[in-house]
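Participant: Enclosed is the structure file input.cif (mmCIF, C-alpha atoms and all ligand atoms).
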```
data_entry
#
loop_
_atom_site.label_atom_id
_atom_site.label_comp_id
_atom_site.auth_asym_id
_atom_site.auth_seq_id
_atom_site.Cartn_x
_atom_site.Cartn_y
_atom_site.Cartn_z
CA MET A 1182 -28.60 45.05 -95.00
CA LYS A 1183 -30.17 46.32 -91.79
CA LEU A 1184 -29.83 42.92 -90.20
CA CYS A 1185 -26.17 42.72 -91.19
CA THR A 1186 -25.48 46.15 -89.71
CA ILE A 1187 -27.09 45.12 -86.46
CA CYS A 1188 -25.01 41.93 -86.43
CA ILE A 1189 -21.80 43.84 -86.95
CA LEU A 1190 -22.73 46.33 -84.23
CA LEU A 1191 -23.53 43.46 -81.88
CA MET A 1192 -20.25 41.77 -82.54
CA CYS A 1193 -18.09 44.83 -82.40
CA PHE A 1194 -19.61 46.35 -79.30
CA VAL A 1195 -21.95 44.19 -77.30
CA PHE A 1196 -19.90 41.00 -77.26
CA PRO A 1197 -16.61 42.66 -76.30
CA VAL A 1198 -18.37 44.80 -73.69
CA ALA A 1199 -20.13 41.79 -72.21
CA SER A 1200 -16.82 39.96 -72.24
CA GLU A 1201 -15.15 42.86 -70.47
CA ILE A 1202 -17.66 42.84 -67.65
CA LEU A 1203 -17.53 39.08 -67.40
CA SER A 1204 -13.72 39.11 -67.33
CA ILE A 1205 -13.73 41.42 -64.38
CA ILE A 1206 -16.13 39.14 -62.56
CA ALA A 1207 -14.86 35.72 -63.51
CA GLY A 1208 -11.35 36.10 -64.86
CA SER A 1209 -10.31 36.23 -68.46
CA SER A 1210 -9.33 32.59 -68.88
CA LEU A 1211 -12.86 31.42 -68.14
CA VAL A 1212 -14.23 33.90 -70.67
CA ALA A 1213 -11.78 32.78 -73.32
CA GLY A 1214 -12.93 29.24 -72.72
CA LEU A 1215 -16.56 30.33 -72.90
CA GLY A 1216 -15.91 32.21 -76.13
CA ALA A 1217 -14.27 29.22 -77.72
CA GLY A 1218 -17.07 27.01 -76.44
CA LEU A 1219 -19.65 29.18 -78.17
CA GLY A 1220 -17.71 28.90 -81.39
CA TYR A 1221 -17.25 32.65 -81.41
CA PHE A 1222 -15.17 32.75 -84.56
CA GLY A 1223 -17.42 30.45 -86.53
CA TRP A 1224 -20.29 32.60 -85.35
CA GLN A 1225 -18.62 35.80 -86.45
CA LYS A 1226 -17.79 34.39 -89.89
CA CYS A 1227 -21.40 33.35 -90.22
CA PHE A 1228 -22.66 36.91 -89.86
CA PHE A 1229 -20.27 38.28 -92.41
CA ASP A 1230 -20.89 35.32 -94.66
CA CYS A 1231 -24.71 35.61 -94.80
CA CYS A 1232 -25.18 31.99 -93.85
CA SER A 1233 -28.17 32.79 -91.67
CA GLU A 1234 -30.37 31.26 -94.36
CA PHE A 1235 -28.08 28.32 -94.94
CA LYS A 1236 -29.36 25.20 -93.18
CA PRO A 1237 -27.24 22.63 -91.32
CA VAL A 1238 -26.03 19.88 -93.65
CA TYR A 1239 -28.01 17.12 -91.89
CA VAL A 1240 -31.24 19.07 -92.44
CA ILE A 1241 -30.31 19.66 -96.08
CA GLU A 1242 -29.77 15.93 -96.47
CA GLN A 1243 -33.13 15.12 -94.84
CA ASN A 1244 -34.99 17.71 -96.91
CA LEU A 1245 -33.40 16.64 -100.18
CA THR A 1246 -34.14 12.98 -99.47
CA THR A 1247 -37.78 13.69 -98.64
CA LEU A 1248 -38.41 16.04 -101.57
CA PHE A 1249 -36.81 13.66 -104.08
CA ALA A 1250 -38.62 10.62 -102.69
CA GLU A 1251 -42.05 12.21 -102.44
CA GLN A 1252 -42.26 14.65 -105.30
CA LEU A 1253 -39.90 13.63 -108.10
CA TYR A 1254 -40.87 10.79 -110.40
CA GLY A 1255 -38.90 8.55 -112.72
CA GLN A 1256 -35.39 9.95 -112.27
CA HIS A 1257 -33.61 7.00 -110.71
CA ILE A 1258 -30.21 8.10 -112.06
CA ALA A 1259 -30.44 11.79 -111.17
CA VAL A 1260 -31.70 11.33 -107.60
CA PRO A 1261 -28.77 9.49 -105.97
CA ALA A 1262 -26.19 11.18 -108.19
CA ILE A 1263 -27.30 14.70 -107.29
CA LYS A 1264 -27.89 13.93 -103.64
CA ASN A 1265 -24.49 12.34 -103.10
CA ALA A 1266 -22.68 15.06 -105.04
CA ILE A 1267 -24.28 17.86 -103.05
CA ILE A 1268 -24.04 16.29 -99.61
CA ASN A 1269 -20.40 15.26 -100.13
CA HIS A 1270 -19.58 18.75 -101.31
CA LEU A 1271 -21.26 20.40 -98.34
CA LYS A 1272 -19.60 18.00 -95.89
CA THR A 1273 -16.13 18.71 -97.27
CA LYS A 1274 -14.46 21.38 -95.12
CA GLU A 1275 -12.06 22.58 -97.80
CA PRO A 1276 -13.38 21.64 -101.22
CA ARG A 1277 -10.82 22.06 -104.00
CA LYS A 1278 -13.33 23.64 -106.34
CA ALA A 1279 -16.97 24.66 -106.65
CA LEU A 1280 -19.39 21.82 -107.35
CA THR A 1281 -20.58 21.86 -110.96
CA LEU A 1282 -23.55 19.82 -112.13
CA ALA A 1283 -24.81 19.69 -115.72
CA LEU A 1284 -28.45 18.54 -115.99
CA HIS A 1285 -29.48 17.25 -119.41
CA GLY A 1286 -32.76 15.94 -120.77
CA ILE A 1287 -35.93 16.71 -122.68
CA THR A 1288 -38.24 19.42 -121.57
CA GLY A 1289 -40.59 18.81 -118.64
CA THR A 1290 -38.60 16.01 -117.01
CA GLY A 1291 -37.80 17.95 -113.86
CA LYS A 1292 -34.53 19.86 -114.31
CA ASN A 1293 -35.82 23.18 -112.98
CA TYR A 1294 -37.97 21.31 -110.48
CA VAL A 1295 -34.86 19.63 -109.05
CA ALA A 1296 -32.98 22.94 -108.96
CA SER A 1297 -35.79 24.43 -106.87
CA MET A 1298 -35.78 21.38 -104.56
CA ILE A 1299 -32.06 21.92 -103.99
CA ALA A 1300 -32.67 25.61 -103.25
CA ARG A 1301 -35.51 24.73 -100.85
CA SER A 1302 -33.31 22.16 -99.09
CA MET A 1303 -30.28 24.41 -98.73
CA PHE A 1304 -31.87 27.73 -97.79
CA THR A 1305 -34.84 28.57 -95.60
CA LYS A 1306 -36.21 30.92 -98.26
CA GLY A 1307 -35.70 28.49 -101.13
CA MET A 1308 -35.68 30.04 -104.59
CA ARG A 1309 -36.36 33.46 -103.01
CA SER A 1310 -33.16 33.28 -100.98
CA ARG A 1311 -30.63 36.00 -101.66
CA ASN A 1312 -28.08 33.21 -102.02
CA VAL A 1313 -29.82 31.62 -105.01
CA HIS A 1314 -29.19 33.14 -108.44
CA VAL A 1315 -30.85 32.17 -111.70
CA ILE A 1316 -29.31 33.14 -115.03
CA ASN A 1317 -31.61 32.42 -117.95
CA GLY A 1318 -29.93 31.74 -121.29
CA ASN A 1319 -33.14 32.44 -123.13
CA ARG A 1320 -32.38 36.08 -123.77
CA HIS A 1321 -31.63 37.77 -127.04
CA PHE A 1322 -28.27 39.34 -127.76
CA TYR A 1323 -28.22 41.84 -130.61
CA ASP A 1324 -24.49 42.18 -131.12
CA GLU A 1325 -21.02 41.33 -129.86
CA LYS A 1326 -20.89 44.40 -127.65
CA GLU A 1327 -24.00 43.32 -125.85
CA ILE A 1328 -22.52 39.88 -125.25
CA HIS A 1329 -19.34 41.51 -123.99
CA ASP A 1330 -21.23 43.76 -121.57
CA PHE A 1331 -23.40 40.93 -120.32
CA LYS A 1332 -20.32 38.81 -119.73
CA ASN A 1333 -18.56 41.51 -117.71
CA GLY A 1334 -21.69 42.25 -115.72
CA LEU A 1335 -22.05 38.56 -114.92
CA ILE A 1336 -18.47 38.25 -113.70
CA HIS A 1337 -18.99 41.23 -111.42
CA TRP A 1338 -22.12 40.06 -109.83
CA ILE A 1339 -21.02 36.48 -109.33
CA GLN A 1340 -17.99 37.90 -107.58
CA GLY A 1341 -20.17 40.25 -105.52
CA ASN A 1342 -22.55 37.46 -104.58
CA LEU A 1343 -19.70 35.16 -103.56
CA THR A 1344 -18.17 37.88 -101.42
CA SER A 1345 -21.37 38.15 -99.39
CA CYS A 1346 -22.08 34.41 -99.27
CA SER A 1347 -19.67 31.64 -100.13
CA HIS A 1348 -22.43 28.99 -100.06
CA SER A 1349 -24.21 30.42 -103.09
CA LEU A 1350 -26.26 28.44 -105.58
CA PHE A 1351 -26.01 29.54 -109.23
CA ILE A 1352 -28.53 28.08 -111.68
CA PHE A 1353 -27.81 28.60 -115.39
CA ASP A 1354 -31.09 27.72 -117.08
CA GLU A 1355 -31.24 26.92 -120.81
CA VAL A 1356 -27.48 27.17 -120.87
CA ASP A 1357 -27.44 25.85 -124.46
CA LYS A 1358 -28.80 29.24 -125.55
CA LEU A 1359 -26.03 31.28 -123.90
CA PRO A 1360 -23.07 32.27 -126.10
CA SER A 1361 -19.91 30.27 -125.36
CA GLN A 1362 -18.02 33.45 -124.44
CA VAL A 1363 -20.45 34.02 -121.59
CA ILE A 1364 -20.08 30.45 -120.36
CA ASP A 1365 -16.31 30.64 -120.45
CA ALA A 1366 -16.45 33.76 -118.30
CA ILE A 1367 -17.62 31.50 -115.47
CA LYS A 1368 -14.50 29.38 -115.75
CA PRO A 1369 -12.40 31.18 -113.11
CA PHE A 1370 -15.15 30.56 -110.55
CA ILE A 1371 -15.32 26.82 -111.07
CA ASP A 1372 -11.66 26.04 -111.61
CA HIS A 1373 -9.41 24.28 -109.08
CA ASN A 1374 -7.92 26.16 -106.12
CA ILE A 1375 -8.61 29.51 -107.62
CA LYS A 1376 -8.06 32.77 -105.74
CA ILE A 1377 -10.29 35.71 -106.61
CA THR A 1378 -10.18 38.93 -104.61
CA ASN A 1379 -12.53 38.59 -101.61
CA ALA A 1380 -14.50 35.79 -103.21
CA ASP A 1381 -14.01 32.13 -102.38
CA PRO A 1382 -16.10 30.19 -104.87
CA ARG A 1383 -15.10 26.72 -103.67
CA HIS A 1384 -18.09 26.21 -101.39
CA SER A 1385 -20.65 27.23 -103.99
CA ILE A 1386 -22.69 25.11 -106.39
CA PHE A 1387 -23.11 25.83 -110.10
CA MET A 1388 -25.87 24.08 -112.06
CA PHE A 1389 -26.14 24.10 -115.85
CA LEU A 1390 -29.56 23.11 -117.22
CA SER A 1391 -30.15 22.29 -120.89
CA ASN A 1392 -31.98 20.16 -123.41
CA THR A 1393 -28.72 19.22 -125.10
CA GLY A 1394 -28.33 15.48 -125.38
CA SER A 1395 -32.06 14.76 -125.04
CA GLU A 1396 -31.97 12.93 -128.37
CA VAL A 1397 -29.34 10.43 -127.29
CA ILE A 1398 -30.85 10.05 -123.84
CA SER A 1399 -34.25 9.30 -125.36
CA GLN A 1400 -32.81 6.89 -127.93
CA HIS A 1401 -30.93 5.03 -125.24
CA ALA A 1402 -34.01 4.76 -123.03
CA LEU A 1403 -36.05 3.61 -126.02
CA LYS A 1404 -33.51 0.94 -126.86
CA TYR A 1405 -33.88 -0.50 -123.37
CA VAL A 1406 -37.65 -0.59 -123.60
CA GLN A 1407 -37.54 -2.17 -127.05
CA GLN A 1408 -35.19 -4.87 -125.77
CA GLY A 1409 -37.71 -5.62 -123.05
CA LYS A 1410 -35.45 -4.24 -120.32
CA ALA A 1411 -36.68 -1.94 -117.58
CA ARG A 1412 -36.06 1.78 -117.96
CA GLU A 1413 -34.94 1.65 -114.33
CA SER A 1414 -32.02 -0.65 -115.19
CA ILE A 1415 -30.19 2.05 -117.18
CA SER A 1416 -27.03 2.87 -115.23
CA PHE A 1417 -25.49 6.22 -114.41
CA ILE A 1418 -22.10 5.25 -115.83
CA GLU A 1419 -23.32 4.28 -119.31
CA MET A 1420 -25.41 7.46 -119.52
CA GLN A 1421 -22.72 9.76 -118.20
CA GLU A 1422 -20.43 9.09 -121.18
CA ILE A 1423 -23.20 9.49 -123.73
CA VAL A 1424 -24.36 12.75 -122.21
CA GLU A 1425 -20.89 14.24 -121.86
CA ALA A 1426 -20.07 13.52 -125.51
CA SER A 1427 -23.28 15.10 -126.75
CA ALA A 1428 -22.97 18.15 -124.47
CA TYR A 1429 -19.63 18.84 -126.08
CA ASN A 1430 -20.58 18.20 -129.68
CA GLN A 1431 -24.21 19.13 -130.18
CA GLY A 1432 -26.17 22.27 -130.69
CA GLU A 1433 -25.06 25.87 -130.94
CA GLY A 1434 -23.32 27.86 -128.24
CA GLY A 1435 -23.89 26.70 -124.70
CA LEU A 1436 -21.45 24.13 -123.46
CA LYS A 1437 -20.53 23.16 -127.02
CA ASN A 1438 -16.75 23.30 -127.42
CA SER A 1439 -16.62 25.38 -124.27
CA GLU A 1440 -13.46 25.49 -122.19
CA ILE A 1441 -15.52 24.39 -119.24
CA ILE A 1442 -16.00 20.95 -120.74
CA GLY A 1443 -12.65 20.90 -122.54
CA LYS A 1444 -10.87 21.44 -119.24
CA HIS A 1445 -13.10 18.93 -117.41
CA LEU A 1446 -14.59 21.48 -115.05
CA ILE A 1447 -18.02 19.83 -114.95
CA ASP A 1448 -18.03 17.34 -112.10
CA TYR A 1449 -21.16 15.41 -113.10
CA PHE A 1450 -23.28 15.13 -116.23
CA ILE A 1451 -26.71 14.12 -114.99
CA PRO A 1452 -29.19 12.60 -117.43
CA PHE A 1453 -32.93 13.23 -117.01
CA LEU A 1454 -34.82 10.34 -118.56
CA PRO A 1455 -38.00 10.79 -120.59
CA LEU A 1456 -41.13 10.23 -118.49
CA THR A 1457 -43.75 7.58 -119.22
CA ARG A 1458 -47.54 7.80 -119.16
CA THR A 1459 -47.53 6.43 -115.62
CA HIS A 1460 -45.34 9.33 -114.47
CA VAL A 1461 -47.56 11.81 -116.29
CA LEU A 1462 -50.59 10.43 -114.45
CA LEU A 1463 -48.78 10.91 -111.13
CA CYS A 1464 -48.02 14.52 -112.10
CA ILE A 1465 -51.69 15.07 -113.00
CA ARG A 1466 -52.85 13.73 -109.62
CA ASP A 1467 -50.28 15.79 -107.73
CA TYR A 1468 -51.20 18.99 -109.47
CA ALA A 1469 -54.95 18.44 -109.07
CA LYS A 1470 -54.50 17.65 -105.39
CA GLN A 1471 -52.30 20.69 -104.82
CA GLU A 1472 -54.91 22.94 -106.48
CA GLY A 1473 -57.82 21.26 -104.72
CA ILE A 1474 -59.35 20.09 -108.00
CA TYR A 1475 -61.28 16.82 -108.00
CA LEU A 1476 -60.72 14.64 -111.06
CA THR A 1477 -62.32 11.29 -111.83
CA PRO A 1478 -59.97 8.52 -113.05
CA GLU A 1479 -61.55 9.00 -116.50
CA GLN A 1480 -60.68 12.68 -116.48
CA GLU A 1481 -57.11 11.88 -115.42
CA GLU A 1482 -56.82 9.42 -118.30
CA LYS A 1483 -58.27 11.92 -120.71
CA ILE A 1484 -55.74 14.59 -119.74
CA ALA A 1485 -52.85 12.14 -120.04
CA GLU A 1486 -54.21 11.05 -123.41
CA GLY A 1487 -54.27 14.64 -124.62
CA LEU A 1488 -50.47 15.00 -124.41
CA THR A 1489 -48.06 13.88 -127.14
CA TYR A 1490 -45.95 10.77 -126.88
CA PHE A 1491 -43.07 9.21 -128.80
CA PRO A 1492 -42.00 7.25 -130.77
CA ARG A 1493 -44.75 8.05 -133.24
CA THR A 1494 -44.19 4.92 -135.32
CA SER A 1495 -46.44 1.97 -134.64
CA GLY A 1496 -45.35 -1.21 -132.93
CA SER A 1497 -45.78 -2.42 -129.42
CA HIS A 1498 -43.64 0.38 -128.04
CA ALA A 1499 -45.24 3.32 -129.82
CA GLY A 1500 -45.85 6.27 -127.52
CA VAL A 1501 -44.12 5.00 -124.41
CA PHE A 1502 -42.59 8.35 -123.53
CA SER A 1503 -44.12 11.79 -123.09
CA SER A 1504 -42.67 14.36 -125.54
CA SER A 1505 -42.92 17.19 -123.02
CA GLY A 1506 -42.67 15.26 -119.76
CA CYS A 1507 -44.98 16.78 -117.17
CA LYS A 1508 -44.63 20.29 -118.55
CA HIS A 1509 -48.16 20.92 -119.84
CA VAL A 1510 -49.90 19.07 -117.03
CA ALA A 1511 -50.81 22.19 -115.05
CA ASN A 1512 -52.45 23.86 -118.07
CA ARG A 1513 -54.38 20.77 -119.06
CA VAL A 1514 -55.69 20.16 -115.56
CA ASN A 1515 -56.83 23.79 -115.37
CA LEU A 1516 -58.59 23.45 -118.73
CA GLU A 1517 -60.36 20.29 -117.61
CA LYS A 1518 -61.59 22.09 -114.50
CA PHE A 1519 -63.51 24.60 -116.61
CA GLN A 1520 -65.17 22.04 -118.84
CA PHE A 1521 -68.11 21.23 -116.64
N1 LIG B 1 -39.78 13.99 -112.84
C1 LIG B 1 -40.81 14.75 -112.40
N2 LIG B 1 -41.52 14.38 -111.31
C2 LIG B 1 -42.56 15.12 -110.86
N3 LIG B 1 -42.98 16.25 -111.46
C3 LIG B 1 -42.30 16.68 -112.55
C4 LIG B 1 -41.20 15.96 -113.07
N4 LIG B 1 -40.74 16.61 -114.15
C5 LIG B 1 -41.50 17.70 -114.31
N5 LIG B 1 -42.46 17.75 -113.35
C6 LIG B 1 -43.50 18.81 -113.23
O1 LIG B 1 -43.51 19.55 -114.42
C7 LIG B 1 -43.13 20.90 -114.18
C8 LIG B 1 -42.18 21.37 -115.27
O2 LIG B 1 -40.95 20.70 -115.17
P1 LIG B 1 -39.54 21.43 -115.26
O3 LIG B 1 -38.72 21.05 -114.08
O4 LIG B 1 -39.73 22.89 -115.49
O5 LIG B 1 -38.94 20.77 -116.58
P2 LIG B 1 -37.55 21.02 -117.31
O6 LIG B 1 -36.85 19.70 -117.25
O7 LIG B 1 -37.92 21.38 -118.71
O8 LIG B 1 -36.83 22.11 -116.58
C9 LIG B 1 -42.50 20.90 -112.80
O9 LIG B 1 -42.69 22.12 -112.16
C10 LIG B 1 -43.19 19.77 -112.10
O10 LIG B 1 -44.42 20.20 -111.57
C1 LIG B 2 -36.68 20.20 -93.78
O1 LIG B 2 -36.49 19.39 -92.65
C2 LIG B 2 -36.95 19.98 -91.44
C3 LIG B 2 -36.54 19.08 -90.29
O2 LIG B 2 -36.71 17.73 -90.59
C4 LIG B 2 -38.47 20.20 -91.54
O3 LIG B 2 -38.94 20.81 -90.38
C5 LIG B 2 -38.76 21.08 -92.76
O4 LIG B 2 -40.16 21.22 -92.95
C6 LIG B 2 -38.14 20.50 -94.03
N1 LIG B 2 -38.30 21.41 -95.13
C7 LIG B 2 -38.58 20.99 -96.36
C8 LIG B 2 -38.62 22.04 -97.43
O5 LIG B 2 -38.77 19.83 -96.63
C1 LIG B 3 -26.12 39.08 -106.78
O1 LIG B 3 -26.97 38.46 -107.68
C2 LIG B 3 -28.12 39.17 -108.08
C3 LIG B 3 -28.95 38.27 -108.96
O2 LIG B 3 -29.42 37.17 -108.25
C4 LIG B 3 -27.72 40.49 -108.72
O3 LIG B 3 -28.86 41.20 -109.15
C5 LIG B 3 -26.91 41.28 -107.72
O4 LIG B 3 -26.49 42.47 -108.28
C6 LIG B 3 -25.72 40.49 -107.22
N1 LIG B 3 -25.07 41.17 -106.13
C7 LIG B 3 -23.85 41.67 -106.19
C8 LIG B 3 -23.33 42.28 -104.93
O5 LIG B 3 -23.17 41.63 -107.16
MG MG B 4 -36.50 23.98 -117.75
#
```
Take the structure from the file and write it as structure tokens.

Facilitator:
Amino acid sequence: MKLCTICILLMCFVFPVASEILSIIAGSSLVAGLGAGLGYFGWQKCFFDCCSEFKPVYVIEQNLTTLFAEQLYGQHIAVPAIKNAIINHLKTKEPRKALTLALHGITGTGKNYVASMIARSMFTKGMRSRNVHVINGNRHFYDEKEIHDFKNGLIHWIQGNLTSCSHSLFIFDEVDKLPSQVIDAIKPFIDHNIKITNADPRHSIFMFLSNTGSEVISQHALKYVQQGKARESISFIEMQEIVEASAYNQGEGGLKNSEIIGKHLIDYFIPFLPLTRTHVLLCIRDYAKQEGIYLTPEQEEKIAEGLTYFPRTSGSHAGVFSSSGCKHVANRVNLEKFQF
């Protein structure tokens, strides 16, 4: 707030005054040229639009590429799909609508992790940026009135947030647990060419994270493995259809039967594949390294072994996938540390 006030003061007084003096010295045409050269109007919009934290698109692209390549395992479909969607959206001068991404997959496969990588790439303060907003669906509503109030509150603050920064990132976590009425309240913000007082939502990004569809995603991945095909040969297109159908038909609330899907307002349905033991081992090593914990290869194996895997049934492909991805890795590594 203080910073913004200073910016406004600077722009309203200092710049014009400086221009005045300069005009007297050098003639107004030169100053006009100088002003245009500095991108004065873009600059001014930037102050009002809170984009001081928003990085240049080429840096965002570099950061996203590096984070995905170095820290995210086993998501060969999600990585290029998300990166291309975001970079194309940010490079488009006049997008027709906000970018909407639905991330689906079993727990611990990296949905929140990816959301935080996007936040870190887009804004200098990452998840702590005032332009990043997380709405958690995992809250309890006692009655209809409470849902109604929550919905109205949400509309107001999305609008408020968009007024102060058009490049906002909204993350709806566990969206399958939010009532459909709440989800449909978001519709005006993600529709085509919409005009809302003071708020232009078209530059913003909305992400919807859920476990919906994990069953079909897992079954599909399992089918590949059982047919002796690589998990990495599953294509985005075949998965996209499966995931979209299940997002619409499965579970309670959330995106189920929501207008958002009915009216095709989700731009991409992104599947998160179940992780294998190999990926879990990589997560174990990363976490240990990050915490400065030394683990022997035997200890790493032991921790990986302690997690649950599916399918449970015997056969050569029993237990190929981790039931909770890399979710419990941090806890297990910490436990191992204290067992000396
Ligand atoms: N694909 C992955 N690659 C690397 N680490 C991962 C991956 N998936 C999960 N993790 C680790 O597990 C933690 C929990 O994952 P999270 O993103 O919260 O899962 P969810 O898909 O349930 O949102 C992450 O913070 C990260 O440390
Ligand atoms: C983003 O990229 C810039 C420039 O390449 C680099 O200095 C910075 O550390 C990167 N940030 C992250 C979060 O990767
Ligand atoms: C913006 O979003 C935050 C949550 O991230 C909320 O608490 C705040 O009230 C919103 N701001 C406005 C102006 O609505
Ligand atoms: Mg999650």

Participant: Point out the residue among A:Ile1451, A:Ile1474, A:Phe1249, A:Ser1399 with the least atom-to-atom distance to A:Tyr1490, counting all atoms listed in the file.

Facilitator: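 Checking each candidate against A:Tyr1490, we get A:Ser1399 as the closest.
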
Participant: Can I get the residues close to ligand MG 4 (chain B) as a list in words, where close means within 10 Å and we count only C-alpha atoms and all ligand atoms?

Facilitator: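 Every residue with an atom at most 10 Å from ligand MG 4 (chain B) is listed here: Leu1284, His1285, Gly1286, Ile1287, Thr1288, Gly1289, Thr1290, Gly1291, Lys1292, Asn1293, Tyr1294, Val1295, Ala1296, Asn1317, Asp1354, Glu1355, Leu1390, Ser1391, Asn1392 and Lys1508 of chain A.
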
Participant: Set up a box along x, y and z of the file covering all listed atoms of ligand LIG 2 (chain B), add 6 Å on every one of the six sides, and write the centre and edge lengths in Å to one decimal, as lines of an AutoDock Vina configuration file.

Facilitator:
```
center_x = -38.3
center_y = 19.9
center_z = -93.9
size_x = 15.7
size_y = 16.3
size_z = 19.1
```

Participant: Just want the 12 Å neighbourhood of A:Met1308, counted on only C-alpha atoms, with same-chain residues fewer than 3 positions away dropped. Output as JSON, numbers by chain.

Facilitator: {"A": [1234, 1293, 1294, 1295, 1296, 1297, 1298, 1299, 1300, 1301, 1302, 1303, 1304, 1305, 1311, 1312, 1313, 1314, 1315, 1349, 1350, 1351, 1352]}

Participant: Quick one: pull the distance between atom CA of A:Ile1258 and atom CA of A:Ala1511, Å, one decimal.

Facilitator: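 Straight-line distance from atom CA of A:Ile1258 to atom CA of A:Ala1511 works out to 25.1 Å.
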
Participant: If I take atom C8 of ligand LIG 3 (chain B) and atom CA of A:Ile1371, how far is one from the other in Å, to one decimal?

Facilitator: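 Straight-line distance from atom C8 of ligand LIG 3 (chain B) to atom CA of A:Ile1371 works out to 18.5 Å.
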
Participant: Kindly provide, as an MDAnalysis selection string, all nucleotide and amino acid residues lying within 7 Å of ligand LIG 2 (chain B), counting only C-alpha atoms and all ligand atoms.

Facilitator: chainID A and resid 1240:1241 1243:1244 1247:1248 1301:1302

Participant: Pull C-alpha atoms from the residues just selected and write them as a PDB file, in the coordinates of the input.

Facilitator:
```pdb
ATOM      1  CA  VAL A1240     -31.240  19.070 -92.440  1.00  0.00           C
ATOM      2  CA  ILE A1241     -30.310  19.660 -96.080  1.00  0.00           C
ATOM      3  CA  GLN A1243     -33.130  15.120 -94.840  1.00  0.00           C
ATOM      4  CA  ASN A1244     -34.990  17.710 -96.910  1.00  0.00           C
ATOM      5  CA  THR A1247     -37.780  13.690 -98.640  1.00  0.00           C
ATOM      6  CA  LEU A1248     -38.410  16.040-101.570  1.00  0.00           C
ATOM      7  CA  ARG A1301     -35.510  24.730-100.850  1.00  0.00           C
ATOM      8  CA  SER A1302     -33.310  22.160 -99.090  1.00  0.00           C
TER       9      SER A1302
END
```

Participant: From the set A:Gln1252, A:Ser1385, A:Ser1416, A:Ser1233, which residue has the shortest atom-to-atom contact distance to ligand LIG 1 (chain B), counting all atoms listed in the file?

Facilitator: A:Gln1252

Participant: With only C-alpha atoms and all ligand atoms as the basis for distance, which of A:Thr1489, A:Asn1319, A:Gln1520, A:Asn1333 is at the shortest distance from ligand LIG 3 (chain B)?

Facilitator: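 The shortest atom-to-atom distance to ligand LIG 3 (chain B) comes from A:Asn1333.
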
Participant: Identify which of the residues A:Lys1518, A:Gly1506, A:Arg1458, A:Ser1310 lies closest to A:Thr1477, counting all atoms listed in the file when measuring atom-to-atom distances.

Facilitator: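 Using all atoms listed in the file, A:Thr1477 sits closest to A:Lys1518.
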
Participant: Quick one: pull the distance between atom CA of A:His1509 and atom CA of A:Gln1400, Å, one decimal.

Facilitator: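 These atoms are spaced 22.3 Å apart.
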
Participant: Counting only C-alpha atoms, figure out which residue out of A:Ser1503, A:Ser1439, A:Gln1340, A:Thr1273 gets nearest to A:Gln1362.

Facilitator: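 Smallest distance to A:Gln1362 is found for A:Ser1439.
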
Participant: Point out the residue among A:Pro1478, A:Gly1318, A:Pro1276, A:Gly1341 with the least atom-to-atom distance to ligand LIG 3 (chain B), counting only C-alpha atoms and all ligand atoms.

Facilitator: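 Nearest candidate to ligand LIG 3 (chain B) out of A:Pro1478, A:Gly1318, A:Pro1276, A:Gly1341: A:Gly1341.
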
Participant: Which neighbours of A:Phe1322 fall inside 12 Å, counting all atoms listed in the file, when residues of the same chain fewer than 2 positions from it are skipped, and could you give them as a PDB file with C-alpha atoms, in the coordinates of the input?

Facilitator:
```pdb
ATOM      1  CA  GLY A1318     -29.930  31.740-121.290  1.00  0.00           C
ATOM      2  CA  ASN A1319     -33.140  32.440-123.130  1.00  0.00           C
ATOM      3  CA  ARG A1320     -32.380  36.080-123.770  1.00  0.00           C
ATOM      4  CA  ASP A1324     -24.490  42.180-131.120  1.00  0.00           C
ATOM      5  CA  GLU A1325     -21.020  41.330-129.860  1.00  0.00           C
ATOM      6  CA  LYS A1326     -20.890  44.400-127.650  1.00  0.00           C
ATOM      7  CA  GLU A1327     -24.000  43.320-125.850  1.00  0.00           C
ATOM      8  CA  ILE A1328     -22.520  39.880-125.250  1.00  0.00           C
ATOM      9  CA  HIS A1329     -19.340  41.510-123.990  1.00  0.00           C
ATOM     10  CA  ASP A1330     -21.230  43.760-121.570  1.00  0.00           C
ATOM     11  CA  PHE A1331     -23.400  40.930-120.320  1.00  0.00           C
ATOM     12  CA  LYS A1332     -20.320  38.810-119.730  1.00  0.00           C
ATOM     13  CA  LYS A1358     -28.800  29.240-125.550  1.00  0.00           C
ATOM     14  CA  LEU A1359     -26.030  31.280-123.900  1.00  0.00           C
ATOM     15  CA  PRO A1360     -23.070  32.270-126.100  1.00  0.00           C
ATOM     16  CA  VAL A1363     -20.450  34.020-121.590  1.00  0.00           C
TER      17      VAL A1363
END
```
